[in-house]
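Source file: protein16.txt; contents: compact mmCIF, C-alpha atoms and all ligand atoms.
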# COMPACT_ATOMS: atom_id res chain seq x y z
CA MET A 1 -11.53 -9.81 -13.50
CA ALA A 2 -13.19 -8.19 -10.55
CA ILE A 3 -12.95 -4.73 -9.08
CA LEU A 4 -13.54 -4.88 -5.35
CA PRO A 5 -14.89 -2.05 -3.18
CA ILE A 6 -12.15 -0.28 -1.18
CA LEU A 7 -12.82 0.34 2.52
CA GLU A 8 -12.32 3.90 3.77
CA THR A 9 -11.52 5.38 7.16
CA PRO A 10 -13.06 5.14 9.77
CA ASP A 11 -14.05 1.57 8.82
CA PRO A 12 -12.88 -0.54 11.81
CA ILE A 13 -11.75 -3.38 9.52
CA LEU A 14 -8.86 -1.13 8.43
CA ARG A 15 -7.68 -1.22 12.06
CA THR A 16 -7.48 -5.01 12.32
CA ILE A 17 -4.13 -6.81 12.28
CA SER A 18 -3.97 -9.01 9.20
CA LYS A 19 -3.28 -12.74 9.61
CA PRO A 20 -0.41 -14.62 7.94
CA VAL A 21 -1.26 -16.41 4.71
CA THR A 22 -0.99 -20.18 5.18
CA ALA A 23 -2.99 -21.48 2.19
CA PHE A 24 -1.22 -20.84 -1.13
CA ASP A 25 -4.24 -21.96 -3.11
CA ALA A 26 -6.47 -20.89 -6.00
CA THR A 27 -8.51 -18.63 -3.70
CA LEU A 28 -5.36 -16.68 -2.81
CA LYS A 29 -4.39 -16.36 -6.50
CA GLN A 30 -7.88 -15.10 -7.36
CA LEU A 31 -7.71 -12.53 -4.54
CA ALA A 32 -4.30 -11.32 -5.80
CA ALA A 33 -5.66 -10.96 -9.36
CA ASP A 34 -8.70 -9.04 -8.10
CA MET A 35 -6.48 -6.79 -5.95
CA ILE A 36 -4.33 -5.95 -8.99
CA ASP A 37 -7.45 -5.10 -11.06
CA THR A 38 -8.74 -2.97 -8.19
CA MET A 39 -5.39 -1.15 -7.79
CA TYR A 40 -5.26 -0.23 -11.51
CA ASP A 41 -8.91 0.81 -11.54
CA ALA A 42 -8.62 3.07 -8.48
CA PRO A 43 -5.95 4.07 -9.64
CA GLY A 44 -3.25 3.49 -7.04
CA ILE A 45 0.34 2.28 -6.86
CA GLY A 46 -0.30 -0.25 -4.10
CA LEU A 47 -3.07 -2.09 -2.27
CA ALA A 48 -3.22 -4.26 0.85
CA ALA A 49 -5.76 -7.09 1.12
CA VAL A 50 -7.35 -5.56 4.22
CA GLN A 51 -8.32 -2.51 2.12
CA VAL A 52 -10.72 -4.79 0.23
CA GLY A 53 -11.93 -6.33 3.48
CA VAL A 54 -9.70 -9.44 3.60
CA PRO A 55 -7.39 -9.24 6.64
CA LEU A 56 -4.60 -11.43 5.22
CA ARG A 57 -0.91 -10.47 4.94
CA MET A 58 -0.77 -9.89 1.20
CA LEU A 59 -0.17 -6.70 -0.77
CA VAL A 60 0.29 -5.71 -4.39
CA ILE A 61 2.40 -2.87 -5.80
CA ASP A 62 2.93 -1.41 -9.25
CA LEU A 63 4.75 1.93 -9.19
CA GLN A 64 3.63 2.46 -12.81
CA GLU A 65 6.73 4.44 -13.68
CA PRO A 66 7.43 5.26 -17.32
CA ASP A 67 9.61 2.79 -19.20
CA PRO A 68 13.17 4.23 -19.06
CA ALA A 69 13.72 2.95 -22.63
CA ASP A 70 10.89 5.17 -23.88
CA GLU A 71 12.14 8.69 -24.62
CA SER A 72 8.67 10.24 -24.63
CA GLY A 73 8.13 8.92 -21.09
CA GLU A 74 4.57 8.00 -22.01
CA THR A 75 4.69 4.22 -22.18
CA ILE A 76 3.83 2.70 -18.84
CA VAL A 77 4.67 -0.98 -18.74
CA LYS A 78 2.51 -2.82 -16.25
CA ASN A 79 4.62 -4.66 -13.69
CA PRO A 80 2.40 -5.77 -10.81
CA ARG A 81 4.29 -7.31 -7.90
CA ILE A 82 2.68 -9.50 -5.24
CA PHE A 83 4.08 -9.78 -1.71
CA VAL A 84 2.77 -12.45 0.66
CA ASN A 85 3.77 -12.41 4.35
CA PRO A 86 6.32 -9.56 3.95
CA VAL A 87 8.83 -9.05 6.80
CA PHE A 88 11.18 -6.05 7.11
CA SER A 89 14.73 -5.89 8.40
CA GLU A 90 17.71 -3.52 8.40
CA PRO A 91 15.88 -0.21 7.92
CA SER A 92 18.41 2.48 6.96
CA ALA A 93 19.16 5.34 9.34
CA ALA A 94 18.71 7.64 6.36
CA THR A 95 15.11 8.71 5.81
CA ASN A 96 12.96 9.85 2.91
CA ILE A 97 10.04 12.25 3.01
CA TYR A 98 7.25 11.54 0.56
CA SER A 99 3.87 13.18 0.13
CA GLU A 100 1.70 10.10 0.67
CA GLY A 101 -1.89 9.42 -0.21
CA CYS A 102 -4.09 6.42 0.52
CA LEU A 103 -7.09 4.95 -1.27
CA SER A 104 -8.65 4.46 2.18
CA VAL A 105 -8.20 8.19 2.98
CA PRO A 106 -9.34 9.56 -0.36
CA GLU A 107 -7.87 12.72 -1.91
CA GLN A 108 -5.78 13.65 1.13
CA TYR A 109 -1.98 13.96 1.06
CA ALA A 110 0.68 14.65 3.66
CA ASP A 111 4.44 14.29 4.09
CA VAL A 112 5.51 11.10 5.88
CA VAL A 113 9.08 10.32 7.02
CA ARG A 114 10.24 6.70 6.65
CA PRO A 115 13.53 4.81 6.39
CA ALA A 116 14.96 5.35 2.87
CA GLN A 117 15.99 1.69 2.46
CA ILE A 118 14.64 -1.53 3.85
CA THR A 119 15.26 -5.24 3.29
CA VAL A 120 12.10 -7.22 2.58
CA ASP A 121 11.59 -10.97 2.91
CA TRP A 122 8.36 -12.27 1.41
CA GLN A 123 6.71 -15.21 -0.30
CA ASP A 124 5.16 -15.43 -3.75
CA LEU A 125 1.78 -17.01 -4.56
CA ASP A 126 3.40 -20.47 -4.54
CA GLY A 127 4.92 -19.91 -1.11
CA LYS A 128 8.44 -19.54 -2.48
CA PRO A 129 10.64 -17.17 -0.39
CA HIS A 130 12.28 -14.02 -1.78
CA ARG A 131 14.50 -11.26 -0.38
CA GLU A 132 15.34 -7.82 -1.81
CA ARG A 133 16.75 -4.53 -0.57
CA MET A 134 14.39 -1.74 -1.60
CA ASP A 135 14.83 2.00 -1.92
CA GLY A 136 13.18 5.07 -3.40
CA LEU A 137 9.41 5.07 -3.97
CA MET A 138 9.34 1.25 -3.73
CA ALA A 139 10.68 1.41 -0.15
CA THR A 140 8.15 4.11 0.76
CA CYS A 141 5.23 2.29 -0.86
CA ILE A 142 5.93 -1.14 0.66
CA GLN A 143 6.22 0.44 4.12
CA HIS A 144 2.88 2.21 3.57
CA GLU A 145 1.31 -1.11 2.49
CA HIS A 146 2.91 -3.03 5.36
CA ASP A 147 1.42 -0.51 7.79
CA HIS A 148 -2.03 -1.57 6.53
CA LEU A 149 -1.26 -5.15 7.62
CA GLU A 150 -0.76 -3.77 11.14
CA GLY A 151 -3.93 -1.66 11.07
CA ILE A 152 -1.94 1.56 10.62
CA LEU A 153 -2.82 4.39 8.20
CA PHE A 154 -0.38 7.05 6.97
CA ILE A 155 -2.29 9.69 8.94
CA ASP A 156 -1.16 7.93 12.13
CA HIS A 157 2.40 9.14 11.36
CA LEU A 158 1.32 12.81 11.43
CA SER A 159 1.11 15.20 14.38
CA ARG A 160 -2.35 15.34 15.92
CA LEU A 161 -2.84 18.84 14.56
CA LYS A 162 -1.99 17.80 10.99
CA ARG A 163 -4.09 14.62 11.27
CA ASP A 164 -7.11 16.53 12.57
CA MET A 165 -6.80 19.12 9.79
CA LEU A 166 -6.61 16.38 7.17
CA LEU A 167 -9.63 14.50 8.59
CA LYS A 168 -11.59 17.76 8.68
CA LYS A 169 -10.86 18.27 4.97
CA LEU A 170 -11.95 14.68 4.30
CA HIS A 171 -15.26 15.24 6.13
CA LYS A 172 -15.82 18.48 4.25
CA MET A 173 -15.11 16.77 0.90
CA ARG A 174 -17.59 13.99 1.75
CA ARG A 175 -20.32 16.47 2.71
CA VAL A 176 -20.03 18.15 -0.67
CA ALA A 177 -19.68 14.94 -2.66
O1 LIG A 201 -1.85 5.04 -4.58
C1 LIG A 201 -1.16 5.25 -3.60
N1 LIG A 201 -0.18 6.19 -3.66
C2 LIG A 201 0.80 6.34 -2.68
C3 LIG A 201 1.60 7.47 -2.73
C4 LIG A 201 2.60 7.65 -1.80
C5 LIG A 201 2.82 6.71 -0.83
C6 LIG A 201 2.02 5.59 -0.76
C7 LIG A 201 1.03 5.39 -1.69
S1 LIG A 201 0.07 3.96 -1.62
C8 LIG A 201 -1.42 4.51 -2.35
C9 LIG A 201 -2.42 3.39 -2.51
C10 LIG A 201 -2.81 2.87 -1.14
O2 LIG A 201 -3.56 3.42 -0.39
N2 LIG A 201 -2.21 1.77 -0.74
O3 LIG A 201 -2.45 1.29 0.49
NI NI A 202 -2.99 2.99 1.72
Please lay out the structure from this file as structure tokens.
Amino acid sequence: MAILPILETPDPILRTISKPVTAFDATLKQLAADMIDTMYDAPGIGLAAVQVGVPLRMLVIDLQEPDPADESGETIVKNPRIFVNPVFSEPSAATNIYSEGCLSVPEQYADVVRPAQITVDWQDLDGKPHRERMDGLMATCIQHEHDHLEGILFIDHLSRLKRDMLLKKLHKMRRVA
């Protein structure tokens, strides 16, 4: 188990385009395990490899939603999912607005508009292909994570005015911290 340091804006590594995974080996499995530990520790609902300084096309997600079978809504069943080399198709015309945050833009939130549904093709840690149509928070989160693979942060989807205001708040927070 290892918790890795998370890079924060304006680290230029976050702006690199991540490379496809070609080696489905023990090193990749160790990185995935460390990313999952790091995501839970942060805590966050997703993490892209580039956020821990490894520009490879792999991301992990666990929405950490309460177990629907649990009436108190308190039991969170861990269900980490690993996506290697994800590719999107058939984005819906319908959109969702979600107040997004990012571990690489700490403690800042803003509404982002994205397609409500998307089909995702990906590989698992053994290189086996998968396909699934995603919606809801899963669709939002995987698009946010996929942006990281392209060097894009959620603040890039905002108007310049909103982005500048958010970055000002981030600078202010860091001065005090
Ligand atoms: O923890 C996270 N929460 C979140 C909320 C709304 C939309 C996207 C996210 S992902 C984020 C973790 C992160 O920065 N992943 O890259
Ligand atoms: Ni993020």
* **Nearest candidate to ligand NI 202 (chain A) (options A:Gly101, A:Pro55, A:Pro68, A:Gly73; using all atoms listed in the file)** =>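 Of all the options, A:Gly101 lies closest to ligand NI 202 (chain A).
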Expressed in Å, the length from CA of Met134 in chain A to CA of Ile118 in chain A is 5.5 Å
Enclose ligand LIG 201 (chain A), meaning all of its atoms listed in the file, in a box aligned along x, y and z, pad it by 8 Å on each side, and list the centre and edge lengths in Å to one decimal, as AutoDock Vina command-line options.
--center_x -0.4 --center_y 4.5 --center_z -2.0 --size_x 22.4 --size_y 22.4 --size_z 21.1
Can you tell me which residues sit at most 9 Å away from ligand NI 202 (chain A), counting all atoms listed in the file, written as an NGL selection string?
:A and (44 or 46-48 or 51 or 100-105 or 141 or 144-145 or 147-148 or 153-154)
* Given the choices A:Ile17, A:Val54, A:Val60, A:Ala69, which gets closest to ligand LIG 201 (chain A) if the distance is worked out from all atoms listed in the file? ->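 Closest candidate: A:Val60.
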_For Phe83 in chain A, find every residue with an atom within 7 Å (counting only C-alpha atoms), except residues of its own chain fewer than 6 positions away, and show them as a list of chain:residue names._
A:Met58, A:Leu59, A:Val60, A:Trp122, A:Gln123, A:Asp124
Those residues you just picked out, can you put them in a file as a PDB file, keeping the file's coordinate frame with C-alpha atoms?
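In the end it all went to result-v3.pdb:
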ATOM      1  CA  MET A  58      -0.770  -9.890   1.200  1.00  0.00           C
ATOM      2  CA  LEU A  59      -0.170  -6.700  -0.770  1.00  0.00           C
ATOM      3  CA  VAL A  60       0.290  -5.710  -4.390  1.00  0.00           C
ATOM      4  CA  TRP A 122       8.360 -12.270   1.410  1.00  0.00           C
ATOM      5  CA  GLN A 123       6.710 -15.210  -0.300  1.00  0.00           C
ATOM      6  CA  ASP A 124       5.160 -15.430  -3.750  1.00  0.00           C
TER       7      ASP A 124
END
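When only C-alpha atoms are used to compute distances to Tyr109 in chain A, the closest of the residues A:Lys78, A:Leu167, A:Lys128, A:Gly151 turns out to be A:Leu167.
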Would you list the residues near (16.1, 6.2, -0.5) (no more than 6 Å away, in the coordinates of the file, using only C-alpha atoms) as a list in words?
Asn96, Ala116, Gln117, Asp135 and Gly136 of chain A
Item to complete: Pick out the closest residue to Ala23 in chain A from this set: A:Lys169, A:Arg57, A:Arg114, A:Arg131. Count all atoms listed in the file.
Response: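 Distance minimum relative to Ala23 in chain A lands on A:Arg57.
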Which residues are close to Phe24 in chain A, i.e. within 10 Å by all atoms listed in the file, leaving aside same-chain residues fewer than 3 positions away? Reply as a ChimeraX atom specification.
/A:21,27-29,84,123-128
Can you write range 138-171 of chain A from the block above with N, CA, C and O atoms, as a PDB file, in the first residue's frame?
ATOM      1  N   MET A 138     -21.281   8.704 -12.868  1.00  0.00           N
ATOM      2  CA  MET A 138     -20.215   7.903 -13.501  1.00  0.00           C
ATOM      3  C   MET A 138     -19.796   8.513 -14.833  1.00  0.00           C
ATOM      4  O   MET A 138     -18.594   8.593 -15.129  1.00  0.00           O
ATOM      5  N   ALA A 139     -20.780   8.948 -15.633  1.00  0.00           N
ATOM      6  CA  ALA A 139     -20.470   9.566 -16.937  1.00  0.00           C
ATOM      7  C   ALA A 139     -19.684  10.865 -16.728  1.00  0.00           C
ATOM      8  O   ALA A 139     -18.696  11.129 -17.422  1.00  0.00           O
ATOM      9  N   THR A 140     -20.131  11.667 -15.763  1.00  0.00           N
ATOM     10  CA  THR A 140     -19.440  12.928 -15.469  1.00  0.00           C
ATOM     11  C   THR A 140     -18.007  12.659 -15.018  1.00  0.00           C
ATOM     12  O   THR A 140     -17.050  13.275 -15.508  1.00  0.00           O
ATOM     13  N   CYS A 141     -17.866  11.719 -14.075  1.00  0.00           N
ATOM     14  CA  CYS A 141     -16.551  11.471 -13.481  1.00  0.00           C
ATOM     15  C   CYS A 141     -15.577  10.910 -14.519  1.00  0.00           C
ATOM     16  O   CYS A 141     -14.419  11.350 -14.586  1.00  0.00           O
ATOM     17  N   ILE A 142     -16.012   9.979 -15.350  1.00  0.00           N
ATOM     18  CA  ILE A 142     -15.062   9.376 -16.302  1.00  0.00           C
ATOM     19  C   ILE A 142     -14.660  10.396 -17.365  1.00  0.00           C
ATOM     20  O   ILE A 142     -13.525  10.369 -17.851  1.00  0.00           O
ATOM     21  N   GLN A 143     -15.553  11.339 -17.684  1.00  0.00           N
ATOM     22  CA  GLN A 143     -15.166  12.397 -18.629  1.00  0.00           C
ATOM     23  C   GLN A 143     -14.156  13.354 -17.984  1.00  0.00           C
ATOM     24  O   GLN A 143     -13.208  13.800 -18.633  1.00  0.00           O
ATOM     25  N   HIS A 144     -14.344  13.654 -16.705  1.00  0.00           N
ATOM     26  CA  HIS A 144     -13.384  14.481 -15.961  1.00  0.00           C
ATOM     27  C   HIS A 144     -12.017  13.784 -15.937  1.00  0.00           C
ATOM     28  O   HIS A 144     -10.980  14.422 -16.186  1.00  0.00           O
ATOM     29  N   GLU A 145     -12.017  12.475 -15.657  1.00  0.00           N
ATOM     30  CA  GLU A 145     -10.743  11.731 -15.597  1.00  0.00           C
ATOM     31  C   GLU A 145     -10.103  11.641 -16.973  1.00  0.00           C
ATOM     32  O   GLU A 145      -8.880  11.778 -17.111  1.00  0.00           O
ATOM     33  N   HIS A 146     -10.927  11.402 -17.986  1.00  0.00           N
ATOM     34  CA  HIS A 146     -10.393  11.290 -19.353  1.00  0.00           C
ATOM     35  C   HIS A 146      -9.765  12.603 -19.799  1.00  0.00           C
ATOM     36  O   HIS A 146      -8.749  12.608 -20.499  1.00  0.00           O
ATOM     37  N   ASP A 147     -10.354  13.719 -19.386  1.00  0.00           N
ATOM     38  CA  ASP A 147      -9.742  15.028 -19.669  1.00  0.00           C
ATOM     39  C   ASP A 147      -8.301  15.069 -19.164  1.00  0.00           C
ATOM     40  O   ASP A 147      -7.422  15.604 -19.847  1.00  0.00           O
ATOM     41  N   HIS A 148      -8.049  14.521 -17.964  1.00  0.00           N
ATOM     42  CA  HIS A 148      -6.680  14.524 -17.424  1.00  0.00           C
ATOM     43  C   HIS A 148      -5.710  13.835 -18.386  1.00  0.00           C
ATOM     44  O   HIS A 148      -4.551  14.252 -18.505  1.00  0.00           O
ATOM     45  N   LEU A 149      -6.172  12.780 -19.066  1.00  0.00           N
ATOM     46  CA  LEU A 149      -5.292  12.055 -20.001  1.00  0.00           C
ATOM     47  C   LEU A 149      -4.900  12.937 -21.179  1.00  0.00           C
ATOM     48  O   LEU A 149      -3.901  12.682 -21.855  1.00  0.00           O
ATOM     49  N   GLU A 150      -5.731  13.965 -21.439  1.00  0.00           N
ATOM     50  CA  GLU A 150      -5.464  14.897 -22.539  1.00  0.00           C
ATOM     51  C   GLU A 150      -4.840  16.205 -22.024  1.00  0.00           C
ATOM     52  O   GLU A 150      -4.726  17.177 -22.788  1.00  0.00           O
ATOM     53  N   GLY A 151      -4.479  16.245 -20.764  1.00  0.00           N
ATOM     54  CA  GLY A 151      -3.863  17.451 -20.206  1.00  0.00           C
ATOM     55  C   GLY A 151      -4.856  18.559 -19.902  1.00  0.00           C
ATOM     56  O   GLY A 151      -4.476  19.727 -19.784  1.00  0.00           O
ATOM     57  N   ILE A 152      -6.141  18.184 -19.791  1.00  0.00           N
ATOM     58  CA  ILE A 152      -7.206  19.172 -19.585  1.00  0.00           C
ATOM     59  C   ILE A 152      -7.696  19.100 -18.139  1.00  0.00           C
ATOM     60  O   ILE A 152      -7.877  18.009 -17.583  1.00  0.00           O
ATOM     61  N   LEU A 153      -7.915  20.270 -17.529  1.00  0.00           N
ATOM     62  CA  LEU A 153      -8.485  20.364 -16.179  1.00  0.00           C
ATOM     63  C   LEU A 153      -9.903  20.915 -16.271  1.00  0.00           C
ATOM     64  O   LEU A 153     -10.234  21.610 -17.240  1.00  0.00           O
ATOM     65  N   PHE A 154     -10.735  20.647 -15.268  1.00  0.00           N
ATOM     66  CA  PHE A 154     -12.140  21.090 -15.353  1.00  0.00           C
ATOM     67  C   PHE A 154     -12.246  22.606 -15.480  1.00  0.00           C
ATOM     68  O   PHE A 154     -13.183  23.114 -16.088  1.00  0.00           O
ATOM     69  N   ILE A 155     -11.267  23.326 -14.963  1.00  0.00           N
ATOM     70  CA  ILE A 155     -11.315  24.792 -15.046  1.00  0.00           C
ATOM     71  C   ILE A 155     -11.192  25.276 -16.487  1.00  0.00           C
ATOM     72  O   ILE A 155     -11.609  26.392 -16.808  1.00  0.00           O
ATOM     73  N   ASP A 156     -10.670  24.417 -17.375  1.00  0.00           N
ATOM     74  CA  ASP A 156     -10.563  24.790 -18.791  1.00  0.00           C
ATOM     75  C   ASP A 156     -11.931  24.876 -19.456  1.00  0.00           C
ATOM     76  O   ASP A 156     -12.062  25.454 -20.541  1.00  0.00           O
ATOM     77  N   HIS A 157     -12.953  24.265 -18.834  1.00  0.00           N
ATOM     78  CA  HIS A 157     -14.315  24.296 -19.392  1.00  0.00           C
ATOM     79  C   HIS A 157     -15.074  25.555 -18.968  1.00  0.00           C
ATOM     80  O   HIS A 157     -16.196  25.765 -19.417  1.00  0.00           O
ATOM     81  N   LEU A 158     -14.498  26.362 -18.087  1.00  0.00           N
ATOM     82  CA  LEU A 158     -15.187  27.552 -17.575  1.00  0.00           C
ATOM     83  C   LEU A 158     -14.885  28.762 -18.448  1.00  0.00           C
ATOM     84  O   LEU A 158     -13.915  28.766 -19.208  1.00  0.00           O
ATOM     85  N   SER A 159     -15.709  29.804 -18.319  1.00  0.00           N
ATOM     86  CA  SER A 159     -15.400  31.081 -18.948  1.00  0.00           C
ATOM     87  C   SER A 159     -14.112  31.623 -18.321  1.00  0.00           C
ATOM     88  O   SER A 159     -13.740  31.246 -17.200  1.00  0.00           O
ATOM     89  N   ARG A 160     -13.436  32.506 -19.046  1.00  0.00           N
ATOM     90  CA  ARG A 160     -12.186  33.035 -18.513  1.00  0.00           C
ATOM     91  C   ARG A 160     -12.416  33.758 -17.187  1.00  0.00           C
ATOM     92  O   ARG A 160     -11.607  33.637 -16.256  1.00  0.00           O
ATOM     93  N   LEU A 161     -13.523  34.468 -17.118  1.00  0.00           N
ATOM     94  CA  LEU A 161     -13.834  35.214 -15.882  1.00  0.00           C
ATOM     95  C   LEU A 161     -13.978  34.246 -14.700  1.00  0.00           C
ATOM     96  O   LEU A 161     -13.384  34.455 -13.636  1.00  0.00           O
ATOM     97  N   LYS A 162     -14.761  33.179 -14.905  1.00  0.00           N
ATOM     98  CA  LYS A 162     -14.968  32.218 -13.815  1.00  0.00           C
ATOM     99  C   LYS A 162     -13.670  31.508 -13.449  1.00  0.00           C
ATOM    100  O   LYS A 162     -13.385  31.256 -12.280  1.00  0.00           O
ATOM    101  N   ARG A 163     -12.884  31.174 -14.483  1.00  0.00           N
ATOM    102  CA  ARG A 163     -11.601  30.476 -14.233  1.00  0.00           C
ATOM    103  C   ARG A 163     -10.659  31.377 -13.431  1.00  0.00           C
ATOM    104  O   ARG A 163     -10.026  30.952 -12.469  1.00  0.00           O
ATOM    105  N   ASP A 164     -10.577  32.638 -13.837  1.00  0.00           N
ATOM    106  CA  ASP A 164      -9.674  33.566 -13.148  1.00  0.00           C
ATOM    107  C   ASP A 164     -10.106  33.782 -11.697  1.00  0.00           C
ATOM    108  O   ASP A 164      -9.260  33.840 -10.798  1.00  0.00           O
ATOM    109  N   MET A 165     -11.420  33.849 -11.476  1.00  0.00           N
ATOM    110  CA  MET A 165     -11.924  34.017 -10.105  1.00  0.00           C
ATOM    111  C   MET A 165     -11.554  32.804  -9.245  1.00  0.00           C
ATOM    112  O   MET A 165     -11.124  32.945  -8.099  1.00  0.00           O
ATOM    113  N   LEU A 166     -11.726  31.635  -9.842  1.00  0.00           N
ATOM    114  CA  LEU A 166     -11.433  30.393  -9.113  1.00  0.00           C
ATOM    115  C   LEU A 166      -9.931  30.295  -8.789  1.00  0.00           C
ATOM    116  O   LEU A 166      -9.548  29.936  -7.671  1.00  0.00           O
ATOM    117  N   LEU A 167      -9.094  30.640  -9.759  1.00  0.00           N
ATOM    118  CA  LEU A 167      -7.637  30.552  -9.531  1.00  0.00           C
ATOM    119  C   LEU A 167      -7.183  31.583  -8.493  1.00  0.00           C
ATOM    120  O   LEU A 167      -6.265  31.320  -7.709  1.00  0.00           O
ATOM    121  N   LYS A 168      -7.860  32.733  -8.480  1.00  0.00           N
ATOM    122  CA  LYS A 168      -7.562  33.751  -7.468  1.00  0.00           C
ATOM    123  C   LYS A 168      -7.863  33.208  -6.069  1.00  0.00           C
ATOM    124  O   LYS A 168      -7.083  33.389  -5.133  1.00  0.00           O
ATOM    125  N   LYS A 169      -9.012  32.544  -5.952  1.00  0.00           N
ATOM    126  CA  LYS A 169      -9.384  31.941  -4.658  1.00  0.00           C
ATOM    127  C   LYS A 169      -8.369  30.877  -4.241  1.00  0.00           C
ATOM    128  O   LYS A 169      -8.022  30.753  -3.069  1.00  0.00           O
ATOM    129  N   LEU A 170      -7.903  30.110  -5.227  1.00  0.00           N
ATOM    130  CA  LEU A 170      -6.909  29.063  -4.941  1.00  0.00           C
ATOM    131  C   LEU A 170      -5.608  29.695  -4.430  1.00  0.00           C
ATOM    132  O   LEU A 170      -5.028  29.235  -3.446  1.00  0.00           O
ATOM    133  N   HIS A 171      -5.165  30.774  -5.076  1.00  0.00           N
ATOM    134  CA  HIS A 171      -3.941  31.457  -4.641  1.00  0.00           C
ATOM    135  C   HIS A 171      -4.083  32.002  -3.233  1.00  0.00           C
ATOM    136  O   HIS A 171      -3.178  31.872  -2.409  1.00  0.00           O
TER     137      HIS A 171
END
